[in-house]
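Here is the structure we will look at.
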Amino acid sequence: MPHVAIVARVTVHEGRVDEYLAAFVPLLEQAEKEPGTLLYAVHRSKDDPHVFWTTEIYLDDSAFTAHSASEVHATATPIFTELIARSDFMIGETLMAKGLER
């Protein structure tokens with residue numbers, strides 16, 4: 001069964017970057033406790049300090065569902081809605097990777 005892979009790109013409202021990054025702390029702490037969350041990373045563009053993307057890889061659909069259904073995720077969603085000016089995301093499957101066991 002392929003891993004569930006998610007890439008989300010967002011532009012954060014001017015002056016809200018610190019809040020945006022702080023909102024990820026509980027999500028990363030939660031991800032550390034989830035055996036099915038294989039990768040949960042936040043990245044920032046070198047060209048625009050308000051543009052970020054996350055990379056998430058889950059063992060399977062059940063692991064993705066568990067993460068998405070967590071209380072921490074539910075609490076973070078309205079916070080991110082307020083902080084993000086624009087976003088787009090893609091959900092797919094990992095076909096090849098270095099560092100992930102199949």
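Ordered as shown in the structure tokens, chains take letters A, B, and onward, while each chain numbers its residues from 1 and ligands are numbered from 1 in the order shown.
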Note to self: Excluding Phe80 in chain A and its own-chain neighbours fewer than 3 positions away, which residues fall within 8 Å of it when counting only C-alpha atoms? Please give them as a list in words.
What the structure shows: Tyr20, Ala23, Ala76, Thr77, Leu83 and Ile84 of chain A
Can those selected residues be exported to a file as a compact mmCIF listing (two decimals), in the first residue's frame so that it contains N, CA and C atoms?
```
# COMPACT_ATOMS: atom_id res chain seq x y z
N TYR A 20 1.99 32.04 12.76
CA TYR A 20 1.86 30.87 11.90
C TYR A 20 2.82 29.76 12.34
N ALA A 23 1.83 28.18 15.63
CA ALA A 23 0.67 27.29 15.52
C ALA A 23 1.08 25.87 15.13
N ALA A 76 -6.11 23.60 15.63
CA ALA A 76 -5.23 24.40 14.77
C ALA A 76 -5.95 24.95 13.53
N THR A 77 -6.93 24.24 13.03
CA THR A 77 -7.57 24.62 11.77
C THR A 77 -8.10 26.05 11.76
N LEU A 83 -4.73 33.04 9.68
CA LEU A 83 -3.37 33.48 9.38
C LEU A 83 -2.99 33.39 7.90
N ILE A 84 -3.70 32.56 7.15
CA ILE A 84 -3.32 32.27 5.76
C ILE A 84 -4.12 33.13 4.78
```
Note to self: Using only C-alpha atoms, which protein or nucleic acid residues come within 10 Å of range 38-40 of chain A? Drop anything in the same chain fewer than 3 positions from it, and give the result as a VMD selection string.
What the structure shows: chain A and resid 3 to 6 27 to 28 31 to 32 34 to 35 54 to 60 63 99 to 101
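Each of A:Met1, A:Ala85, A:Ala74, A:Ala41 was compared to Val17 in chain A using only C-alpha atoms, and A:Ala85 turns out to be the nearest.
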Item checked: Every residue of chain A that DSSP places in strand (DSSP E or B), as a PyMOL selection string -> chain A and resi 4-12+37-44+51-58+84-93
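Distances to Leu21 in chain A were evaluated for A:Val42, A:Met96, A:Val72, A:Ala66 using only C-alpha atoms, and the minimum falls at A:Val42.
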Next item on the list: Between A:Ala22, A:Ile91, A:Arg9, A:Glu14, single out the one closest to Ser45 in chain A, counting only C-alpha atoms.
Entry: A:Arg9
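Taking CA of Glu82 in chain A and CA of Phe64 in chain A as the two end points, the separation is 23.5 Å.
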Checklist line | All helix (DSSP H, G or I) positions in chain A, as number ranges by chain | finding: A: 17-33, 61-68, 71-83
Next item on the list: Work out how far apart CA of His67 in chain A and CA of Lys46 in chain A are and give it in Å to one decimal.
Entry: 28.8 Å
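Distance check against Lys33 in chain A using only C-alpha atoms: of A:Val12, A:Thr75, A:Ser70, A:Thr94, the minimum falls on A:Ser70.
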Checklist line | CA of Met90 in chain A to CA of Val7 in chain A, distance in Å rounded to a single decimal | finding: 5.4 Å
